[in-house]
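This report refers to the structure that appears directly beneath it.
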Amino acid sequence: MSESFFRLSPYVIQHETSLVNLFTGNMAPIQPEDFLLIQALGPVWTLAELRQQGQKCNAPWAGSHCFRKWIKSLLAQRLILNANKDVWRMYGPRFVDIESTTSCNARCVFCPVSSHPLPPAEMNIEQFQAILQKLKPLHLEWVSLNHYNEPLLDRAFLSKVQLLKQAGLKLWLFTNGILLQEKIIQALASLGNTYAVSINLPSPDPIEYEQLMGIAMHPKLLQHVQAAAAAGIRVYVCVNGPKEQSHRNKKLLDQLFQNGSHCGVYAHFSHNRAGWVQNSSVFQPLHWDGPLFGCQRMFEHLHINHQGQVFLCCQDYDQKYILGDLMQQSVHEILAGDIATHLRQQIFGNIVADPNFICRFCVELCRG
């Protein structure tokens, strides 16, 4: 074992002051100083070299018994990997986003739909069933039916939720709540496979709501939110908009829903979606010229359009980066394929990313 060569997983990224293991989504069980010590060994190393370096630094894990136990833990967590493996063909999505329809009944100023609405289209049931079959090898926490669309506009919405249940999958519904009427709420509660419902509600004030959403506020929208929570569904209210405005409105909505509604309210950091939204309602990150250090979203999510094609991520609004076609290929063939591998190498810094690569315009990118 000590003669084998190892390397750090490139899929451990820094989130604020912590290290996140993208294979699990959890904080990596390793101290930052130990992580830096391993980084200092270079691209590949032997376990003997690692232990020797740990002894020089008086690391508590460098003793023989502790070292073996520590290494087993790092290997089990995939924090260190065998250097002989092609790590760039590794993947581990835990969430799937399926574009069940391309239509939306709002024109939110913080969304690309406000200026570039997509042509109307809908994924048919046969396609949806075929995709669920292809997803079987994955260990998924939930599936959404979103890509800048309103899932409740899908005429086969409840049929697709039923198929998710039959496949042993949970739904996370992202909606503006306008069509979240009693019959939908009761159907979701009866099916019992709704992981959560997130409702885009940027303001409780009808005038401000219309300014942000581009449509009039439904007179029963707040009742829809409360009814979903009362039905035992986990509900989150997402308060989009400019930073100060969203934090102010979060406080108002907290007060509104605090009396027995069981709604979680959070302010969302609205940004320009890798350049698609160009107005003052969102944060506009600068183009990044330096090295790329990974992206949690790209690794954890599998994005599928209404035709069954897999594309890069949710910021890829016009689906410029197509990785493959689930109607013709398996998940493994796509995610371990040459296109996905080349993109992964750029995003996680193994090769220099193209100057106009989408991630250089995105706030989700881990920057050096």
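By order in the structure tokens, chains are A, B, ...; within a chain, residues start at 1; ligands start at 1, following the order shown.
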Do you have, as a Markdown table, the list of residues of region 223-308 of chain A lying at most 10 Å from region 142-161 of chain A, each with its nearest atom pair and that distance in Å to one decimal, counting only C-alpha atoms and ordered by chain then number?
| residue | atom | partner | partner_atom | distance |
| --- | --- | --- | --- | --- |
| A:His301 | CA | A:Val143 | CA | 9.6 |
| A:Leu302 | CA | A:Val143 | CA | 9.5 |
| A:His303 | CA | A:His147 | CA | 8.2 |
| A:Ile304 | CA | A:His147 | CA | 8.7 |
| A:Asn305 | CA | A:His147 | CA | 7.8 |
| A:His306 | CA | A:His147 | CA | 9.4 |
With N, CA, C and O atoms kept, could you save the residues just selected as a compact mmCIF listing (two decimals), in the first residue's frame?
# COMPACT_ATOMS: atom_id res chain seq x y z
N HIS A 301 -25.00 18.57 -9.24
CA HIS A 301 -26.26 18.55 -9.97
C HIS A 301 -26.10 17.96 -11.36
O HIS A 301 -25.08 18.15 -12.03
N LEU A 302 -27.15 17.27 -11.80
CA LEU A 302 -27.26 16.80 -13.18
C LEU A 302 -28.44 17.55 -13.80
O LEU A 302 -29.57 17.46 -13.30
N HIS A 303 -28.16 18.29 -14.88
CA HIS A 303 -29.19 19.12 -15.51
C HIS A 303 -29.62 18.52 -16.83
O HIS A 303 -28.79 18.23 -17.70
N ILE A 304 -30.94 18.33 -16.99
CA ILE A 304 -31.49 17.66 -18.17
C ILE A 304 -32.56 18.56 -18.79
O ILE A 304 -33.48 19.00 -18.10
N ASN A 305 -32.43 18.84 -20.10
CA ASN A 305 -33.43 19.70 -20.73
C ASN A 305 -34.65 18.91 -21.19
O ASN A 305 -34.71 17.68 -21.06
N HIS A 306 -35.64 19.60 -21.74
CA HIS A 306 -36.92 18.98 -22.09
C HIS A 306 -36.79 17.96 -23.22
O HIS A 306 -37.70 17.17 -23.45
Residue neighbourhood region 248-259 of chain A, 7 Å, only C-alpha atoms, exclusion window fewer than 6 positions, as a list in words:
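Neighbouring residues, sequence-local ones excluded: Ser203, Pro204, Val239, Val265, Tyr266 and Ala267 of chain A.
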Would you work out the distance separating CA of Arg68 (chain A) from CA of Leu50 (chain A), expressed in Å to one decimal?
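Result for CA of Arg68 (chain A) versus CA of Leu50 (chain A): 11.6 Å, one decimal.
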Spatial neighbours of region 114-126 of chain A, 9 Å, only C-alpha atoms, chain gap at least 2 places, as a JSON list (two decimals) with N, CA, C and O atoms, in the first residue's frame:
[["chain", "number", "residue", "atom", "x", "y", "z"],
["A", 99, "GLU", "N", -35.88, 19.81, -16.89],
["A", 99, "GLU", "CA", -36.68, 20.88, -17.48],
["A", 99, "GLU", "C", -37.96, 20.26, -18.05],
["A", 99, "GLU", "O", -38.04, 19.91, -19.21],
["A", 100, "SER", "N", -38.98, 20.14, -17.21],
["A", 100, "SER", "CA", -40.21, 19.46, -17.64],
["A", 100, "SER", "C", -40.99, 20.30, -18.64],
["A", 100, "SER", "O", -41.72, 19.77, -19.48],
["A", 101, "THR", "N", -40.86, 21.61, -18.55],
["A", 101, "THR", "CA", -41.48, 22.54, -19.49],
["A", 101, "THR", "C", -40.58, 23.76, -19.58],
["A", 101, "THR", "O", -39.77, 24.01, -18.67],
["A", 102, "THR", "N", -40.69, 24.51, -20.65],
["A", 102, "THR", "CA", -39.86, 25.72, -20.80],
["A", 102, "THR", "C", -40.65, 26.99, -20.47],
["A", 102, "THR", "O", -40.10, 28.08, -20.55],
["A", 103, "SER", "N", -41.91, 26.85, -20.12],
["A", 103, "SER", "CA", -42.78, 28.01, -19.93],
["A", 103, "SER", "C", -42.75, 28.53, -18.51],
["A", 103, "SER", "O", -42.54, 27.77, -17.56],
["A", 104, "CYS", "N", -42.98, 29.83, -18.39],
["A", 104, "CYS", "CA", -43.11, 30.46, -17.06],
["A", 104, "CYS", "C", -44.19, 31.52, -17.14],
["A", 104, "CYS", "O", -44.35, 32.20, -18.16],
["A", 106, "ALA", "N", -44.33, 34.12, -15.08],
["A", 106, "ALA", "CA", -43.83, 35.36, -14.48],
["A", 106, "ALA", "C", -42.69, 35.91, -15.35],
["A", 106, "ALA", "O", -42.19, 35.22, -16.24],
["A", 107, "ARG", "N", -42.33, 37.13, -15.07],
["A", 107, "ARG", "CA", -41.22, 37.78, -15.78],
["A", 107, "ARG", "C", -40.35, 38.52, -14.75],
["A", 107, "ARG", "O", -40.17, 39.73, -14.80],
["A", 108, "CYS", "N", -39.79, 37.75, -13.81],
["A", 108, "CYS", "CA", -39.03, 38.32, -12.71],
["A", 108, "CYS", "C", -37.82, 39.11, -13.24],
["A", 108, "CYS", "O", -37.10, 38.62, -14.11],
["A", 109, "VAL", "N", -37.59, 40.28, -12.69],
["A", 109, "VAL", "CA", -36.50, 41.13, -13.18],
["A", 109, "VAL", "C", -35.14, 40.54, -12.88],
["A", 109, "VAL", "O", -34.14, 40.90, -13.51],
["A", 110, "PHE", "N", -35.07, 39.60, -11.92],
["A", 110, "PHE", "CA", -33.79, 38.97, -11.55],
["A", 110, "PHE", "C", -33.60, 37.64, -12.27],
["A", 110, "PHE", "O", -32.74, 36.85, -11.89],
["A", 111, "CYS", "N", -34.38, 37.38, -13.31],
["A", 111, "CYS", "CA", -34.34, 36.11, -14.04],
["A", 111, "CYS", "C", -34.17, 36.37, -15.53],
["A", 111, "CYS", "O", -34.74, 37.33, -16.08],
["A", 112, "PRO", "N", -33.40, 35.52, -16.23],
["A", 112, "PRO", "CA", -33.24, 35.68, -17.68],
["A", 112, "PRO", "C", -34.55, 35.62, -18.46],
["A", 112, "PRO", "O", -34.63, 36.16, -19.57],
["A", 128, "PHE", "N", -39.89, 11.29, -20.09],
["A", 128, "PHE", "CA", -39.68, 11.38, -18.65],
["A", 128, "PHE", "C", -39.44, 9.98, -18.06],
["A", 128, "PHE", "O", -38.53, 9.79, -17.25],
["A", 129, "GLN", "N", -40.25, 9.02, -18.47],
["A", 129, "GLN", "CA", -40.07, 7.65, -17.99],
["A", 129, "GLN", "C", -38.71, 7.09, -18.39],
["A", 129, "GLN", "O", -38.05, 6.42, -17.59],
["A", 130, "ALA", "N", -38.31, 7.37, -19.63],
["A", 130, "ALA", "CA", -37.01, 6.87, -20.10],
["A", 130, "ALA", "C", -35.87, 7.48, -19.29],
["A", 130, "ALA", "O", -34.89, 6.79, -18.95],
["A", 131, "ILE", "N", -35.98, 8.76, -18.95],
["A", 131, "ILE", "CA", -34.95, 9.42, -18.16],
["A", 131, "ILE", "C", -34.87, 8.83, -16.75],
["A", 131, "ILE", "O", -33.78, 8.59, -16.22],
["A", 154, "ASP", "N", -46.83, 22.61, -16.40],
["A", 154, "ASP", "CA", -46.74, 21.32, -17.10],
["A", 154, "ASP", "C", -48.06, 20.57, -16.93],
["A", 154, "ASP", "O", -48.48, 20.27, -15.82],
["A", 155, "ARG", "N", -48.71, 20.26, -18.04],
["A", 155, "ARG", "CA", -50.01, 19.59, -17.98],
["A", 155, "ARG", "C", -49.93, 18.21, -17.35],
["A", 155, "ARG", "O", -50.92, 17.68, -16.84],
["A", 156, "ALA", "N", -48.73, 17.62, -17.39],
["A", 156, "ALA", "CA", -48.55, 16.28, -16.82],
["A", 156, "ALA", "C", -47.79, 16.34, -15.49],
["A", 156, "ALA", "O", -47.19, 15.34, -15.08],
["A", 159, "SER", "N", -48.70, 13.64, -12.91],
["A", 159, "SER", "CA", -48.33, 12.32, -13.44],
["A", 159, "SER", "C", -46.83, 12.09, -13.29],
["A", 159, "SER", "O", -46.39, 10.98, -12.97],
["A", 160, "LYS", "N", -46.05, 13.13, -13.50],
["A", 160, "LYS", "CA", -44.60, 13.01, -13.38],
["A", 160, "LYS", "C", -44.18, 12.84, -11.92],
["A", 160, "LYS", "O", -43.24, 12.10, -11.61],
["A", 213, "MET", "N", -41.64, 40.91, -9.97],
["A", 213, "MET", "CA", -42.07, 39.69, -10.64],
["A", 213, "MET", "C", -42.57, 39.92, -12.07],
["A", 213, "MET", "O", -42.71, 38.96, -12.83],
["A", 214, "GLY", "N", -42.86, 41.16, -12.40],
["A", 214, "GLY", "CA", -43.34, 41.46, -13.75],
["A", 214, "GLY", "C", -44.78, 41.06, -13.99],
["A", 214, "GLY", "O", -45.27, 41.12, -15.13],
["A", 276, "TRP", "N", -26.44, 36.78, -17.88],
["A", 276, "TRP", "CA", -27.73, 36.84, -18.56],
["A", 276, "TRP", "C", -28.63, 37.97, -18.09],
["A", 276, "TRP", "O", -29.50, 38.44, -18.82],
["A", 277, "VAL", "N", -28.47, 38.40, -16.85],
["A", 277, "VAL", "CA", -29.33, 39.46, -16.30],
["A", 277, "VAL", "C", -28.48, 40.72, -16.12],
["A", 277, "VAL", "O", -27.52, 40.72, -15.35],
["A", 305, "ASN", "N", -32.43, 18.84, -20.10],
["A", 305, "ASN", "CA", -33.43, 19.70, -20.73],
["A", 305, "ASN", "C", -34.65, 18.91, -21.19],
["A", 305, "ASN", "O", -34.71, 17.68, -21.06],
["A", 306, "HIS", "N", -35.64, 19.60, -21.74],
["A", 306, "HIS", "CA", -36.92, 18.98, -22.09],
["A", 306, "HIS", "C", -36.79, 17.96, -23.22],
["A", 306, "HIS", "O", -37.70, 17.17, -23.45],
["A", 307, "GLN", "N", -35.65, 17.95, -23.91],
["A", 307, "GLN", "CA", -35.40, 16.98, -24.97],
["A", 307, "GLN", "C", -34.62, 15.76, -24.47],
["A", 307, "GLN", "O", -34.37, 14.83, -25.23],
["A", 308, "GLY", "N", -34.19, 15.81, -23.21],
["A", 308, "GLY", "CA", -33.42, 14.71, -22.65],
["A", 308, "GLY", "C", -31.92, 14.89, -22.75],
["A", 308, "GLY", "O", -31.16, 13.99, -22.42],
["A", 318, "ASP", "N", -29.03, 29.20, -21.92],
["A", 318, "ASP", "CA", -29.35, 28.82, -23.30],
["A", 318, "ASP", "C", -28.80, 27.44, -23.66],
["A", 318, "ASP", "O", -28.84, 27.03, -24.81]]
Go ahead and compute the interatomic distance for CA of Arg344 (chain A) and CA of Gln296 (chain A), in Å to one decimal.
11.5 Å
Point-to-point distance from CA of Cys313 (chain A) to CA of Leu365 (chain A), Å rounded to tenths:
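Pair CA of Cys313 (chain A) / CA of Leu365 (chain A) returns 11.8 Å.
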Calculated over only C-alpha atoms, which of the candidates A:Lys170, A:Arg78, A:Lys69, A:His139 has the smallest distance to Ala28 (chain A)?
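Comparing A:Lys170, A:Arg78, A:Lys69, A:His139 against Ala28 (chain A), the winner is A:Arg78.
All residues within region 275-326 of chain A that the backbone DSSP calculation assigns to helix (DSSP H, G or I) are Gln296, Arg297, Met298, Phe299 and Glu300 of chain A.
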Writer output for current selection, N, CA and C atoms, as a short mmCIF file (atom, residue, chain, number, x, y, z; two decimals), in the first residue's frame:
data_model
loop_
_atom_site.label_atom_id
_atom_site.label_comp_id
_atom_site.auth_asym_id
_atom_site.auth_seq_id
_atom_site.Cartn_x
_atom_site.Cartn_y
_atom_site.Cartn_z
N GLN A 296 -19.29 23.83 -6.79
CA GLN A 296 -20.15 22.87 -6.09
C GLN A 296 -21.35 22.50 -6.95
N ARG A 297 -21.93 23.48 -7.61
CA ARG A 297 -23.14 23.25 -8.38
C ARG A 297 -22.89 22.29 -9.55
N MET A 298 -21.78 22.50 -10.28
CA MET A 298 -21.52 21.68 -11.45
C MET A 298 -21.35 20.22 -11.08
N PHE A 299 -20.72 19.94 -9.94
CA PHE A 299 -20.42 18.56 -9.56
C PHE A 299 -21.63 17.86 -8.95
N GLU A 300 -22.43 18.59 -8.18
CA GLU A 300 -23.50 17.96 -7.41
C GLU A 300 -24.80 17.77 -8.20
#
Just want the 8 Å neighbourhood of Val352 (chain A), counted on only C-alpha atoms, with same-chain residues fewer than 2 positions away dropped. Output as a ChimeraX atom specification.
/A:291-292,346,349-350,354
Pick out the residues sitting within 12 Å of Cys263 (chain A), and hand them over as a PyMOL selection string; count only C-alpha atoms, and ignore anything fewer than 3 positions along from it in its own chain.
chain A and resi 196-199+222+224-238+250+253-260+266
Dump as a short mmCIF file (atom, residue, chain, number, x, y, z; two decimals), in the first residue's frame, selection limited to N, CA, C and O atoms:
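Wrote it out as selection15.cif, contents follow:
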data_model
loop_
_atom_site.label_atom_id
_atom_site.label_comp_id
_atom_site.auth_asym_id
_atom_site.auth_seq_id
_atom_site.Cartn_x
_atom_site.Cartn_y
_atom_site.Cartn_z
N ALA A 196 -39.49 19.01 -0.53
CA ALA A 196 -39.75 20.38 -0.09
C ALA A 196 -40.37 21.16 -1.23
O ALA A 196 -40.33 20.76 -2.39
N VAL A 197 -40.95 22.29 -0.87
CA VAL A 197 -41.46 23.26 -1.85
C VAL A 197 -40.81 24.60 -1.56
O VAL A 197 -40.89 25.10 -0.43
N SER A 198 -40.14 25.16 -2.56
CA SER A 198 -39.57 26.51 -2.43
C SER A 198 -40.41 27.46 -3.27
O SER A 198 -40.62 27.22 -4.47
N ILE A 199 -40.88 28.52 -2.64
CA ILE A 199 -41.78 29.47 -3.31
C ILE A 199 -41.09 30.80 -3.46
O ILE A 199 -40.62 31.40 -2.48
N LEU A 222 -50.49 34.30 -0.70
CA LEU A 222 -50.05 34.07 0.68
C LEU A 222 -50.80 32.89 1.31
O LEU A 222 -50.23 32.10 2.06
N HIS A 224 -51.84 30.32 -0.40
CA HIS A 224 -51.26 29.12 -1.00
C HIS A 224 -50.04 28.66 -0.19
O HIS A 224 -49.86 27.46 0.07
N VAL A 225 -49.22 29.62 0.20
CA VAL A 225 -48.03 29.30 0.98
C VAL A 225 -48.43 28.67 2.31
O VAL A 225 -47.90 27.62 2.71
N GLN A 226 -49.36 29.30 2.99
CA GLN A 226 -49.79 28.80 4.30
C GLN A 226 -50.49 27.44 4.19
O GLN A 226 -50.30 26.57 5.04
N ALA A 227 -51.25 27.24 3.12
CA ALA A 227 -51.97 25.98 2.95
C ALA A 227 -50.99 24.83 2.71
O ALA A 227 -51.20 23.72 3.22
N ALA A 228 -49.92 25.08 1.94
CA ALA A 228 -48.93 24.03 1.70
C ALA A 228 -48.25 23.62 2.99
O ALA A 228 -48.06 22.43 3.27
N ALA A 229 -47.89 24.59 3.80
CA ALA A 229 -47.25 24.28 5.08
C ALA A 229 -48.22 23.57 6.02
O ALA A 229 -47.84 22.64 6.74
N ALA A 230 -49.48 23.98 6.00
CA ALA A 230 -50.48 23.37 6.87
C ALA A 230 -50.75 21.92 6.48
O ALA A 230 -51.17 21.11 7.32
N ALA A 231 -50.46 21.58 5.23
CA ALA A 231 -50.67 20.20 4.75
C ALA A 231 -49.52 19.28 5.14
O ALA A 231 -49.52 18.10 4.79
N GLY A 232 -48.54 19.82 5.86
CA GLY A 232 -47.42 19.01 6.32
C GLY A 232 -46.26 18.96 5.35
O GLY A 232 -45.34 18.16 5.53
N ILE A 233 -46.27 19.81 4.33
CA ILE A 233 -45.18 19.88 3.36
C ILE A 233 -44.13 20.87 3.85
O ILE A 233 -44.48 21.95 4.35
N ARG A 234 -42.87 20.49 3.73
CA ARG A 234 -41.79 21.41 4.10
C ARG A 234 -41.77 22.57 3.09
O ARG A 234 -41.60 22.37 1.89
N VAL A 235 -41.94 23.80 3.57
CA VAL A 235 -42.05 24.96 2.69
C VAL A 235 -40.96 25.97 3.02
O VAL A 235 -40.72 26.29 4.18
N TYR A 236 -40.31 26.44 1.95
CA TYR A 236 -39.34 27.53 2.07
C TYR A 236 -39.80 28.69 1.21
O TYR A 236 -40.20 28.50 0.06
N VAL A 237 -39.75 29.88 1.77
CA VAL A 237 -40.08 31.09 1.03
C VAL A 237 -38.77 31.77 0.65
O VAL A 237 -37.97 32.14 1.51
N CYS A 238 -38.55 31.90 -0.66
CA CYS A 238 -37.32 32.48 -1.18
C CYS A 238 -37.56 33.95 -1.51
O CYS A 238 -38.41 34.27 -2.36
N LYS A 250 -37.48 39.92 3.89
CA LYS A 250 -37.39 38.68 4.66
C LYS A 250 -37.95 38.89 6.06
O LYS A 250 -38.70 38.06 6.59
N LEU A 253 -41.73 39.00 5.91
CA LEU A 253 -42.33 37.68 5.67
C LEU A 253 -42.14 36.76 6.87
O LEU A 253 -42.98 35.90 7.15
N ASP A 254 -41.03 36.92 7.59
CA ASP A 254 -40.84 36.18 8.84
C ASP A 254 -41.98 36.46 9.80
O ASP A 254 -42.55 35.55 10.42
N GLN A 255 -42.32 37.73 9.94
CA GLN A 255 -43.40 38.13 10.84
C GLN A 255 -44.75 37.59 10.34
O GLN A 255 -45.58 37.15 11.12
N LEU A 256 -44.92 37.59 9.02
CA LEU A 256 -46.19 37.17 8.44
C LEU A 256 -46.45 35.68 8.62
O LEU A 256 -47.58 35.27 8.87
N PHE A 257 -45.39 34.88 8.54
CA PHE A 257 -45.56 33.43 8.57
C PHE A 257 -45.14 32.80 9.90
O PHE A 257 -45.07 31.58 10.01
N GLN A 258 -44.89 33.60 10.92
CA GLN A 258 -44.35 33.02 12.15
C GLN A 258 -45.41 32.33 13.01
O GLN A 258 -45.09 31.50 13.85
N ASN A 259 -46.67 32.61 12.77
CA ASN A 259 -47.72 32.07 13.63
C ASN A 259 -48.26 30.74 13.10
O ASN A 259 -49.31 30.66 12.47
N GLY A 260 -47.51 29.69 13.33
CA GLY A 260 -48.01 28.36 13.05
C GLY A 260 -47.97 27.91 11.62
O GLY A 260 -48.55 26.88 11.27
N TYR A 266 -35.99 32.72 3.64
CA TYR A 266 -34.59 33.08 3.46
C TYR A 266 -34.42 34.08 2.33
O TYR A 266 -35.17 34.07 1.35
#
DSSP strand (DSSP E) residues within region 280-366 of chain A, listed as JSON, numbers by chain
{"A": [301, 302, 303, 304, 309, 310, 311, 322, 323, 324, 325]}
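Take the candidates A:Gly337, A:Pro137, A:Gly290, A:Pro242 and check each one against Ala167 (chain A) using only C-alpha atoms; the shortest distance goes to A:Pro137.
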Residue with smallest distance to Gln309 (chain A) - pool A:Glu244, A:Asp338, A:Glu182, A:Asp97, counting only C-alpha atoms:
A:Asp97
Residue nearest Met27 (chain A) among A:Ile80, A:Ile13, A:Leu169, A:Leu191 (counting only C-alpha atoms)
A:Ile13
